[in-house]
>>> print(open('my_file_6.cif').read())   # mmCIF, N, CA and C atoms
data_model
#
loop_
_atom_site.label_atom_id
_atom_site.label_comp_id
_atom_site.auth_asym_id
_atom_site.auth_seq_id
_atom_site.Cartn_x
_atom_site.Cartn_y
_atom_site.Cartn_z
N MET A 1 -24.06 12.00 0.52
CA MET A 1 -25.02 12.71 -0.27
C MET A 1 -24.65 14.19 -0.31
N GLN A 2 -24.82 14.77 -1.47
CA GLN A 2 -24.64 16.21 -1.65
C GLN A 2 -26.00 16.79 -2.00
N TYR A 3 -26.29 17.98 -1.53
CA TYR A 3 -27.58 18.58 -1.91
C TYR A 3 -27.49 20.10 -1.90
N SER A 4 -28.45 20.68 -2.59
CA SER A 4 -28.57 22.12 -2.67
C SER A 4 -30.06 22.45 -2.71
N GLU A 5 -30.48 23.44 -1.96
CA GLU A 5 -31.88 23.84 -1.96
C GLU A 5 -32.08 25.03 -2.88
N GLY A 6 -33.13 24.96 -3.68
CA GLY A 6 -33.44 26.05 -4.60
C GLY A 6 -34.92 26.36 -4.58
N ARG A 7 -35.33 27.19 -5.53
CA ARG A 7 -36.74 27.54 -5.66
C ARG A 7 -37.07 27.65 -7.14
N LEU A 8 -38.34 27.54 -7.47
CA LEU A 8 -38.75 27.62 -8.85
C LEU A 8 -38.65 29.04 -9.37
N GLY A 9 -38.18 29.15 -10.59
CA GLY A 9 -38.13 30.43 -11.30
C GLY A 9 -39.19 30.43 -12.39
N ARG A 10 -38.77 30.69 -13.59
CA ARG A 10 -39.69 30.75 -14.73
C ARG A 10 -40.11 29.35 -15.17
N VAL A 11 -41.26 29.30 -15.84
CA VAL A 11 -41.77 28.05 -16.42
C VAL A 11 -41.97 28.30 -17.91
N PHE A 12 -41.41 27.41 -18.73
CA PHE A 12 -41.50 27.55 -20.18
C PHE A 12 -42.20 26.33 -20.78
N VAL A 13 -42.99 26.57 -21.82
CA VAL A 13 -43.60 25.50 -22.61
C VAL A 13 -43.07 25.67 -24.03
N LEU A 14 -42.49 24.60 -24.58
CA LEU A 14 -41.88 24.66 -25.90
C LEU A 14 -42.53 23.63 -26.82
N ARG A 15 -42.60 23.97 -28.08
CA ARG A 15 -42.96 22.98 -29.09
C ARG A 15 -41.75 22.83 -30.00
N LEU A 16 -41.17 21.63 -29.99
CA LEU A 16 -40.06 21.35 -30.89
C LEU A 16 -40.62 20.91 -32.23
N GLU A 17 -39.91 21.24 -33.28
CA GLU A 17 -40.35 20.90 -34.64
C GLU A 17 -39.78 19.55 -35.06
N GLU A 18 -40.44 18.92 -36.01
CA GLU A 18 -39.99 17.63 -36.52
C GLU A 18 -38.55 17.74 -37.02
N GLY A 19 -37.73 16.76 -36.62
CA GLY A 19 -36.34 16.71 -37.03
C GLY A 19 -35.38 17.38 -36.06
N GLU A 20 -35.89 18.21 -35.14
CA GLU A 20 -34.99 18.83 -34.16
C GLU A 20 -34.45 17.75 -33.22
N ARG A 21 -33.19 17.91 -32.84
CA ARG A 21 -32.59 16.97 -31.88
C ARG A 21 -32.90 17.45 -30.46
N LEU A 22 -33.39 16.54 -29.66
CA LEU A 22 -33.89 16.86 -28.33
C LEU A 22 -32.87 17.61 -27.48
N ASN A 23 -31.70 17.02 -27.22
CA ASN A 23 -30.72 17.65 -26.34
C ASN A 23 -30.21 18.97 -26.90
N ASP A 24 -29.91 18.99 -28.19
CA ASP A 24 -29.40 20.22 -28.80
C ASP A 24 -30.41 21.36 -28.65
N SER A 25 -31.68 21.07 -28.91
CA SER A 25 -32.72 22.11 -28.86
C SER A 25 -32.92 22.65 -27.45
N ILE A 26 -32.97 21.76 -26.47
CA ILE A 26 -33.22 22.20 -25.09
C ILE A 26 -32.01 22.95 -24.55
N GLU A 27 -30.79 22.48 -24.84
CA GLU A 27 -29.60 23.19 -24.38
C GLU A 27 -29.47 24.56 -25.04
N SER A 28 -29.79 24.64 -26.32
CA SER A 28 -29.75 25.93 -27.02
C SER A 28 -30.76 26.90 -26.41
N PHE A 29 -31.96 26.41 -26.13
CA PHE A 29 -32.99 27.24 -25.51
C PHE A 29 -32.53 27.72 -24.14
N ALA A 30 -31.93 26.82 -23.36
CA ALA A 30 -31.45 27.19 -22.02
C ALA A 30 -30.38 28.29 -22.11
N ARG A 31 -29.48 28.18 -23.09
CA ARG A 31 -28.46 29.24 -23.27
C ARG A 31 -29.12 30.56 -23.62
N GLU A 32 -30.06 30.53 -24.58
CA GLU A 32 -30.73 31.76 -25.02
C GLU A 32 -31.49 32.44 -23.88
N GLN A 33 -32.13 31.64 -23.03
CA GLN A 33 -32.94 32.17 -21.95
C GLN A 33 -32.16 32.35 -20.64
N LYS A 34 -30.86 32.03 -20.69
CA LYS A 34 -30.00 32.14 -19.51
C LYS A 34 -30.52 31.29 -18.34
N ILE A 35 -30.89 30.05 -18.68
CA ILE A 35 -31.31 29.07 -17.67
C ILE A 35 -30.08 28.23 -17.35
N SER A 36 -29.56 28.35 -16.15
CA SER A 36 -28.38 27.54 -15.80
C SER A 36 -28.77 26.22 -15.15
N HIS A 37 -29.87 26.23 -14.39
CA HIS A 37 -30.33 25.02 -13.69
C HIS A 37 -31.81 24.85 -13.96
N GLY A 38 -32.21 23.62 -14.21
CA GLY A 38 -33.63 23.40 -14.47
C GLY A 38 -34.00 21.94 -14.56
N LEU A 39 -35.28 21.73 -14.76
CA LEU A 39 -35.86 20.41 -14.93
C LEU A 39 -36.63 20.45 -16.24
N ALA A 40 -36.43 19.44 -17.10
CA ALA A 40 -37.09 19.42 -18.40
C ALA A 40 -37.89 18.12 -18.56
N PHE A 41 -39.12 18.27 -19.03
CA PHE A 41 -39.99 17.14 -19.34
C PHE A 41 -40.23 17.14 -20.85
N PHE A 42 -40.22 15.96 -21.48
CA PHE A 42 -40.50 15.85 -22.91
C PHE A 42 -41.61 14.82 -23.11
N LEU A 43 -42.54 15.18 -23.98
CA LEU A 43 -43.64 14.29 -24.36
C LEU A 43 -43.78 14.40 -25.86
N GLY A 44 -43.68 13.29 -26.57
CA GLY A 44 -43.81 13.38 -28.01
C GLY A 44 -43.34 12.13 -28.71
N GLY A 45 -42.84 12.32 -29.92
CA GLY A 45 -42.41 11.20 -30.74
C GLY A 45 -40.96 11.32 -31.13
N SER A 46 -40.34 10.16 -31.37
CA SER A 46 -38.96 10.12 -31.87
C SER A 46 -38.98 9.56 -33.28
N GLY A 47 -38.10 10.09 -34.11
CA GLY A 47 -38.02 9.66 -35.49
C GLY A 47 -37.21 8.38 -35.65
N ASP A 48 -37.44 7.71 -36.76
CA ASP A 48 -36.72 6.48 -37.09
C ASP A 48 -35.22 6.76 -37.09
N GLY A 49 -34.46 5.90 -36.45
CA GLY A 49 -33.01 6.06 -36.39
C GLY A 49 -32.52 6.89 -35.23
N SER A 50 -33.43 7.43 -34.42
CA SER A 50 -33.01 8.12 -33.20
C SER A 50 -32.20 7.15 -32.36
N LYS A 51 -31.27 7.69 -31.58
CA LYS A 51 -30.37 6.83 -30.80
C LYS A 51 -30.41 7.19 -29.33
N VAL A 52 -30.33 6.16 -28.49
CA VAL A 52 -30.23 6.34 -27.04
C VAL A 52 -29.09 5.48 -26.51
N VAL A 53 -28.52 5.92 -25.39
CA VAL A 53 -27.51 5.13 -24.70
C VAL A 53 -28.25 4.21 -23.75
N VAL A 54 -28.08 2.90 -23.92
CA VAL A 54 -28.84 1.92 -23.14
C VAL A 54 -28.00 1.22 -22.07
N GLY A 55 -26.84 1.75 -21.80
CA GLY A 55 -26.02 1.21 -20.72
C GLY A 55 -24.57 1.12 -21.13
N PRO A 56 -23.71 0.95 -20.16
CA PRO A 56 -22.30 0.73 -20.47
C PRO A 56 -22.05 -0.76 -20.69
N GLU A 57 -21.00 -1.04 -21.47
CA GLU A 57 -20.56 -2.42 -21.54
C GLU A 57 -20.09 -2.82 -20.14
N ALA A 58 -19.99 -4.08 -19.88
CA ALA A 58 -19.75 -4.61 -18.53
C ALA A 58 -18.45 -4.14 -17.88
N ASN A 59 -17.44 -3.78 -18.65
CA ASN A 59 -16.14 -3.44 -18.10
C ASN A 59 -16.15 -2.06 -17.45
N ARG A 60 -15.88 -1.98 -16.15
CA ARG A 60 -15.88 -0.70 -15.42
C ARG A 60 -14.59 0.09 -15.64
N GLU A 61 -13.49 -0.60 -16.00
CA GLU A 61 -12.22 0.10 -16.20
C GLU A 61 -12.28 1.04 -17.41
N ALA A 62 -12.93 0.60 -18.47
CA ALA A 62 -13.09 1.43 -19.67
C ALA A 62 -14.58 1.46 -19.98
N ILE A 63 -15.25 2.51 -19.54
CA ILE A 63 -16.70 2.60 -19.72
C ILE A 63 -17.01 2.94 -21.17
N ILE A 64 -17.64 2.00 -21.85
CA ILE A 64 -17.98 2.16 -23.26
C ILE A 64 -19.50 2.17 -23.37
N PRO A 65 -20.08 3.29 -23.86
CA PRO A 65 -21.54 3.35 -23.94
C PRO A 65 -22.09 2.40 -25.01
N MET A 66 -23.23 1.82 -24.72
CA MET A 66 -23.94 0.98 -25.68
C MET A 66 -25.03 1.85 -26.32
N ILE A 67 -24.95 2.01 -27.63
CA ILE A 67 -25.89 2.86 -28.36
C ILE A 67 -26.93 1.96 -29.03
N TYR A 68 -28.19 2.34 -28.91
CA TYR A 68 -29.29 1.58 -29.50
C TYR A 68 -30.08 2.51 -30.43
N ALA A 69 -30.29 2.06 -31.68
CA ALA A 69 -31.06 2.85 -32.64
C ALA A 69 -32.53 2.45 -32.56
N LEU A 70 -33.40 3.43 -32.41
CA LEU A 70 -34.84 3.19 -32.39
C LEU A 70 -35.35 3.04 -33.82
N THR A 71 -36.21 2.07 -34.05
CA THR A 71 -36.73 1.86 -35.40
C THR A 71 -38.17 2.33 -35.48
N GLY A 72 -38.48 3.07 -36.52
CA GLY A 72 -39.81 3.61 -36.70
C GLY A 72 -40.07 4.76 -35.74
N ALA A 73 -41.14 5.48 -35.99
CA ALA A 73 -41.55 6.53 -35.06
C ALA A 73 -42.00 5.88 -33.76
N GLN A 74 -41.59 6.45 -32.63
CA GLN A 74 -41.92 5.88 -31.32
C GLN A 74 -42.52 6.94 -30.42
N GLU A 75 -43.34 6.48 -29.48
CA GLU A 75 -43.89 7.35 -28.44
C GLU A 75 -42.82 7.52 -27.38
N VAL A 76 -42.63 8.76 -26.90
CA VAL A 76 -41.54 9.02 -25.95
C VAL A 76 -42.02 9.86 -24.78
N LEU A 77 -41.55 9.49 -23.60
CA LEU A 77 -41.74 10.27 -22.38
C LEU A 77 -40.37 10.37 -21.74
N ALA A 78 -39.92 11.60 -21.41
CA ALA A 78 -38.56 11.77 -20.89
C ALA A 78 -38.51 12.84 -19.80
N LEU A 79 -37.50 12.70 -18.96
CA LEU A 79 -37.27 13.62 -17.85
C LEU A 79 -35.77 13.88 -17.76
N GLY A 80 -35.40 15.15 -17.56
CA GLY A 80 -33.99 15.44 -17.46
C GLY A 80 -33.69 16.66 -16.62
N THR A 81 -32.42 16.80 -16.25
CA THR A 81 -31.96 17.96 -15.50
C THR A 81 -31.04 18.80 -16.38
N ILE A 82 -31.13 20.10 -16.18
CA ILE A 82 -30.23 21.04 -16.83
C ILE A 82 -29.32 21.58 -15.73
N ILE A 83 -28.03 21.28 -15.86
CA ILE A 83 -27.04 21.71 -14.88
C ILE A 83 -25.82 22.19 -15.67
N PRO A 84 -25.20 23.30 -15.28
CA PRO A 84 -24.06 23.79 -16.07
C PRO A 84 -22.81 22.93 -15.87
N ASN A 85 -21.99 22.90 -16.94
CA ASN A 85 -20.71 22.21 -16.84
C ASN A 85 -19.68 23.16 -16.23
N GLU A 86 -18.43 22.75 -16.23
CA GLU A 86 -17.37 23.57 -15.62
C GLU A 86 -17.17 24.89 -16.33
N ALA A 87 -17.56 24.97 -17.61
CA ALA A 87 -17.44 26.21 -18.38
C ALA A 87 -18.67 27.11 -18.21
N GLY A 88 -19.66 26.63 -17.43
CA GLY A 88 -20.86 27.42 -17.19
C GLY A 88 -21.95 27.23 -18.24
N GLU A 89 -21.75 26.31 -19.18
CA GLU A 89 -22.75 26.05 -20.22
C GLU A 89 -23.79 25.06 -19.70
N PRO A 90 -25.09 25.32 -19.97
CA PRO A 90 -26.12 24.38 -19.51
C PRO A 90 -26.02 23.05 -20.27
N VAL A 91 -26.05 21.95 -19.53
CA VAL A 91 -25.98 20.61 -20.12
C VAL A 91 -27.20 19.83 -19.67
N LEU A 92 -27.90 19.25 -20.63
CA LEU A 92 -29.08 18.44 -20.35
C LEU A 92 -28.69 16.99 -20.17
N HIS A 93 -29.09 16.40 -19.06
CA HIS A 93 -28.97 14.95 -18.84
C HIS A 93 -30.39 14.43 -18.77
N MET A 94 -30.80 13.71 -19.82
CA MET A 94 -32.19 13.29 -19.94
C MET A 94 -32.27 11.80 -20.25
N HIS A 95 -33.18 11.12 -19.57
CA HIS A 95 -33.47 9.72 -19.86
C HIS A 95 -34.89 9.62 -20.38
N ALA A 96 -35.07 8.73 -21.35
CA ALA A 96 -36.36 8.61 -22.01
C ALA A 96 -36.80 7.16 -22.08
N ALA A 97 -38.10 6.98 -22.04
CA ALA A 97 -38.72 5.69 -22.34
C ALA A 97 -39.39 5.87 -23.70
N ALA A 98 -39.04 5.00 -24.63
CA ALA A 98 -39.60 5.07 -25.99
C ALA A 98 -40.24 3.73 -26.30
N GLY A 99 -41.40 3.77 -26.95
CA GLY A 99 -42.08 2.52 -27.25
C GLY A 99 -42.80 2.53 -28.58
N ARG A 100 -42.96 1.31 -29.13
CA ARG A 100 -43.68 1.10 -30.37
C ARG A 100 -44.17 -0.34 -30.39
N GLU A 101 -45.44 -0.51 -30.70
CA GLU A 101 -46.05 -1.84 -30.86
C GLU A 101 -45.83 -2.74 -29.64
N GLY A 102 -45.95 -2.18 -28.44
CA GLY A 102 -45.84 -2.98 -27.22
C GLY A 102 -44.44 -3.24 -26.74
N ARG A 103 -43.44 -2.73 -27.43
CA ARG A 103 -42.05 -2.90 -27.01
C ARG A 103 -41.52 -1.55 -26.54
N ALA A 104 -40.70 -1.58 -25.51
CA ALA A 104 -40.17 -0.34 -24.95
C ALA A 104 -38.67 -0.41 -24.77
N THR A 105 -38.04 0.77 -24.88
CA THR A 105 -36.61 0.93 -24.65
C THR A 105 -36.44 2.13 -23.73
N VAL A 106 -35.51 2.03 -22.79
CA VAL A 106 -35.21 3.15 -21.91
C VAL A 106 -33.73 3.48 -22.07
N GLY A 107 -33.41 4.77 -22.20
CA GLY A 107 -32.02 5.14 -22.32
C GLY A 107 -31.81 6.63 -22.23
N CYS A 108 -30.54 7.02 -22.26
CA CYS A 108 -30.14 8.41 -22.21
C CYS A 108 -30.22 9.00 -23.61
N THR A 109 -30.77 10.19 -23.73
CA THR A 109 -31.03 10.80 -25.03
C THR A 109 -29.81 11.45 -25.67
N ARG A 110 -28.67 11.49 -25.00
CA ARG A 110 -27.51 12.22 -25.51
C ARG A 110 -26.96 11.66 -26.82
N ALA A 111 -27.32 10.42 -27.18
CA ALA A 111 -26.82 9.83 -28.43
C ALA A 111 -27.52 10.41 -29.66
N GLY A 112 -28.70 11.05 -29.47
CA GLY A 112 -29.35 11.70 -30.60
C GLY A 112 -30.79 11.30 -30.85
N VAL A 113 -31.72 11.85 -30.10
CA VAL A 113 -33.15 11.62 -30.33
C VAL A 113 -33.69 12.78 -31.15
N GLU A 114 -34.26 12.45 -32.31
CA GLU A 114 -34.86 13.45 -33.18
C GLU A 114 -36.38 13.42 -33.03
N VAL A 115 -36.98 14.58 -32.99
CA VAL A 115 -38.43 14.70 -32.82
C VAL A 115 -39.14 14.22 -34.08
N TRP A 116 -40.19 13.44 -33.88
CA TRP A 116 -41.09 13.05 -34.96
C TRP A 116 -42.45 13.67 -34.68
N LEU A 117 -42.85 14.62 -35.46
CA LEU A 117 -44.13 15.31 -35.45
C LEU A 117 -44.45 16.07 -34.16
N VAL A 118 -44.54 15.36 -33.03
CA VAL A 118 -44.92 15.99 -31.76
C VAL A 118 -43.71 16.08 -30.85
N GLY A 119 -43.42 17.30 -30.37
CA GLY A 119 -42.32 17.49 -29.44
C GLY A 119 -42.68 18.56 -28.44
N GLU A 120 -43.28 18.16 -27.34
CA GLU A 120 -43.70 19.11 -26.30
C GLU A 120 -42.73 19.04 -25.13
N VAL A 121 -42.26 20.21 -24.70
CA VAL A 121 -41.29 20.28 -23.60
C VAL A 121 -41.78 21.31 -22.59
N VAL A 122 -41.64 20.96 -21.32
CA VAL A 122 -41.85 21.92 -20.24
C VAL A 122 -40.52 22.04 -19.50
N VAL A 123 -40.06 23.26 -19.33
CA VAL A 123 -38.81 23.52 -18.61
C VAL A 123 -39.15 24.33 -17.36
N LEU A 124 -38.74 23.82 -16.21
CA LEU A 124 -38.89 24.52 -14.94
C LEU A 124 -37.52 25.03 -14.53
N GLU A 125 -37.37 26.32 -14.44
CA GLU A 125 -36.10 26.91 -14.03
C GLU A 125 -35.95 26.75 -12.52
N ILE A 126 -34.75 26.38 -12.08
CA ILE A 126 -34.46 26.25 -10.65
C ILE A 126 -33.46 27.34 -10.27
N LEU A 127 -33.82 28.18 -9.32
CA LEU A 127 -32.97 29.28 -8.87
C LEU A 127 -32.33 28.95 -7.53
N GLY A 128 -31.17 29.52 -7.28
CA GLY A 128 -30.54 29.38 -5.97
C GLY A 128 -29.70 28.13 -5.80
N THR A 129 -29.38 27.45 -6.88
CA THR A 129 -28.59 26.22 -6.77
C THR A 129 -27.25 26.36 -7.51
N ALA A 130 -26.65 27.53 -7.42
CA ALA A 130 -25.43 27.83 -8.18
C ALA A 130 -24.26 26.92 -7.85
N THR A 131 -24.29 26.25 -6.71
CA THR A 131 -23.17 25.38 -6.36
C THR A 131 -23.25 24.02 -7.05
N ALA A 132 -24.35 23.74 -7.72
CA ALA A 132 -24.51 22.47 -8.45
C ALA A 132 -23.92 22.64 -9.84
N LYS A 133 -22.94 21.80 -10.17
CA LYS A 133 -22.25 21.85 -11.47
C LYS A 133 -21.95 20.43 -11.93
N ARG A 134 -21.79 20.29 -13.25
CA ARG A 134 -21.31 19.02 -13.81
C ARG A 134 -19.79 19.15 -13.95
N GLN A 135 -19.08 18.22 -13.32
CA GLN A 135 -17.62 18.25 -13.37
C GLN A 135 -17.11 16.90 -13.84
N LYS A 136 -16.04 16.95 -14.62
CA LYS A 136 -15.46 15.72 -15.15
C LYS A 136 -14.87 14.89 -14.02
N ASP A 137 -15.32 13.66 -13.95
CA ASP A 137 -14.81 12.71 -12.95
C ASP A 137 -13.58 12.03 -13.56
N PRO A 138 -12.40 12.15 -12.93
CA PRO A 138 -11.18 11.58 -13.52
C PRO A 138 -11.23 10.06 -13.66
N GLU A 139 -11.96 9.39 -12.80
CA GLU A 139 -12.03 7.93 -12.84
C GLU A 139 -12.87 7.42 -14.01
N THR A 140 -14.03 8.04 -14.26
CA THR A 140 -14.95 7.54 -15.28
C THR A 140 -14.93 8.36 -16.57
N GLY A 141 -14.49 9.62 -16.47
CA GLY A 141 -14.54 10.50 -17.62
C GLY A 141 -15.91 11.15 -17.81
N PHE A 142 -16.88 10.77 -16.98
CA PHE A 142 -18.24 11.32 -17.07
C PHE A 142 -18.29 12.72 -16.47
N GLN A 143 -19.22 13.54 -16.96
CA GLN A 143 -19.50 14.84 -16.38
C GLN A 143 -20.54 14.61 -15.27
N LEU A 144 -20.08 14.43 -14.05
CA LEU A 144 -20.97 14.10 -12.93
C LEU A 144 -21.41 15.34 -12.16
N LEU A 145 -22.59 15.26 -11.61
CA LEU A 145 -23.13 16.33 -10.77
C LEU A 145 -22.31 16.41 -9.49
N ARG A 146 -21.84 17.62 -9.18
CA ARG A 146 -21.13 17.89 -7.94
C ARG A 146 -21.78 19.11 -7.29
N ILE A 147 -21.98 19.05 -5.99
CA ILE A 147 -22.56 20.16 -5.27
C ILE A 147 -21.60 20.55 -4.16
N SER A 148 -21.07 21.76 -4.25
CA SER A 148 -20.14 22.21 -3.22
C SER A 148 -20.90 23.02 -2.17
N LYS A 149 -20.36 23.04 -1.00
CA LYS A 149 -20.98 23.80 0.11
C LYS A 149 -20.25 25.09 0.31
#
>>> encode(input="my_file_6.cif", output="structure tokens")
Amino acid sequence: MQYSEGRLGRVFVLRLEEGERLNDSIESFAREQKISHGLAFFLGGSGDGSKVVVGPEANREAIIPMIYALTGAQEVLALGTIIPNEAGEPVLHMHAAAGREGRATVGCTRAGVEVWLVGEVVVLEILGTATAKRQKDPETGFQLLRISK
């Protein structure tokens, strides 16, 4: 296990507009506000055709993401971390549960979730965790969280 202790900094409440892409909007906001590390909560709706990553195909040697398109406007609840990559840019890793008519899908929002009407976000800035970074893992190609001591 790797860990880093931090403390809360600023707290932001955002309203995203219809059609904004979740990850793009939150990462852009983090850059503008100079938030390198944080926690983001999303409550709202996703538009028809929004996409989530719902898992890798079974083969571990070549990890291929499975993309799922959401149909119709859906209710969404999501949680994610903002951690900088090796270039120092804030990167959001967020997973969401989306549902409509009693059916639910859970997945990573990086494939493209667009806001439908309601897009409420709370961002909690985390200070003092500068050693936490997303670094490319040579085995998987993923940008994995690494914490150096």
>>> resolve_selection(input="my_file_6.cif", expression="the PyMOL selection byres ((chain A and resi 80) around 7)", output="number ranges by chain")
A: 38-42, 78-79, 81-82, 92-95
>>> residues_around(input="my_file_6.cif", residues="region 6-21 of chain A", least_positions_apart="2", cutoff="6 Å", atoms="only C-alpha atoms", output="list in words")
Asn23, Asp24, Ser25, Val113, Glu114, Val115, Trp116, Leu117, Gly119, Glu120, Val121, Val122, Val123, Leu124, Glu125, Ile126, Leu127, Gly128 and Thr129 of chain A
>>> select_by_dssp(input="my_file_6.cif", residues="chain A", states="strand (DSSP E or B)", output="PyMOL selection string")
chain A and resi 7-15+21+38-46+51-56+65-69+74-84+90-100+103-108+114-127+132-136+143-147
>>> resolve_selection(input="my_file_6.cif", expression="the PyMOL selection byres (((chain A and resi 100 and name CA) around 10) and name CA)", output="JSON, numbers by chain")
{"A": [70, 71, 72, 73, 74, 75, 76, 98, 99, 101, 102, 103, 104, 105]}
>>> atom_distance(input="my_file_6.cif", atom1="atom C of Glu86 (chain A)", atom2="atom N of Asp137 (chain A)")
11.6 Å
>>> atom_distance(input="my_file_6.cif", atom1="atom N of Ala97 (chain A)", atom2="atom N of Ile26 (chain A)")
16.3 Å
>>> atom_distance(input="my_file_6.cif", atom1="CA of Met1 (chain A)", atom2="CA of Ala130 (chain A)")
17.1 Å
>>> resolve_selection(input="my_file_6.cif", expression="the PyMOL selection byres ((chain A and resi 2) around 7)", output="list in words")
Met1, Tyr3, Ser4, Arg146 and Ile147 of chain A
>>> closest_residue(input="my_file_6.cif", among="A:Val106, A:Ala69, A:Ala96, A:Leu144", to="Gly47 (chain A)", atoms="only C-alpha atoms")
A:Ala69
>>> closest_residue(input="my_file_6.cif", among="A:Ala58, A:Ala132, A:Ala30, A:Val53", to="Gly112 (chain A)", atoms="all atoms listed in the file")
A:Val53
>>> axis_aligned_box(input="my_file_6.cif", around="region 74-78 of chain A", padding_each_side="5 Å", output="AutoDock Vina command-line options")
--center_x -41.2 --center_y 9.4 --center_z -26.2 --size_x 15.4 --size_y 17.0 --size_z 22.8
>>> residues_around(input="my_file_6.cif", residues="Ile83 (chain A)", least_positions_apart="5", cutoff="6 Å", atoms="only C-alpha atoms", output="JSON, numbers by chain")
{"A": [37, 90, 91, 133]}
>>> write_last_selection(input="my_file_6.cif", atoms="N, CA and C atoms", output="PDB file, in the coordinates of the input")
ATOM      1  N   HIS A  37     -29.870  26.230 -14.390  1.00  0.00           N
ATOM      2  CA  HIS A  37     -30.330  25.020 -13.690  1.00  0.00           C
ATOM      3  C   HIS A  37     -31.810  24.850 -13.960  1.00  0.00           C
ATOM      4  N   PRO A  90     -25.090  25.320 -19.970  1.00  0.00           N
ATOM      5  CA  PRO A  90     -26.120  24.380 -19.510  1.00  0.00           C
ATOM      6  C   PRO A  90     -26.020  23.050 -20.270  1.00  0.00           C
ATOM      7  N   VAL A  91     -26.050  21.950 -19.530  1.00  0.00           N
ATOM      8  CA  VAL A  91     -25.980  20.610 -20.120  1.00  0.00           C
ATOM      9  C   VAL A  91     -27.200  19.830 -19.670  1.00  0.00           C
ATOM     10  N   LYS A 133     -22.940  21.800 -10.170  1.00  0.00           N
ATOM     11  CA  LYS A 133     -22.250  21.850 -11.470  1.00  0.00           C
ATOM     12  C   LYS A 133     -21.950  20.430 -11.930  1.00  0.00           C
TER      13      LYS A 133
END
>>> select_by_dssp(input="my_file_6.cif", residues="chain A", states="alpha helix (DSSP H)", output="list in words")
Leu22, Asn23, Asp24, Ser25, Ile26, Glu27, Ser28, Phe29, Ala30, Arg31, Glu32 and Gln33 of chain A
>>> residues_around(input="my_file_6.cif", residues="Gly88 (chain A)", least_positions_apart="6", cutoff="10 Å", atoms="only C-alpha atoms", output="compact mmCIF listing (two decimals) with N, CA and C atoms, keeping the file's coordinate frame")
# COMPACT_ATOMS: atom_id res chain seq x y z
N ARG A 31 -29.48 28.18 -23.09
CA ARG A 31 -28.46 29.24 -23.27
C ARG A 31 -29.12 30.56 -23.62
N SER A 36 -29.56 28.35 -16.15
CA SER A 36 -28.38 27.54 -15.80
C SER A 36 -28.77 26.22 -15.15
N LYS A 133 -22.94 21.80 -10.17
CA LYS A 133 -22.25 21.85 -11.47
C LYS A 133 -21.95 20.43 -11.93
N ARG A 134 -21.79 20.29 -13.25
CA ARG A 134 -21.31 19.02 -13.81
C ARG A 134 -19.79 19.15 -13.95
>>> closest_residue(input="my_file_6.cif", among="A:Pro84, A:Thr109, A:Ser148, A:Val118", to="Ile35 (chain A)", atoms="all atoms listed in the file")
A:Pro84
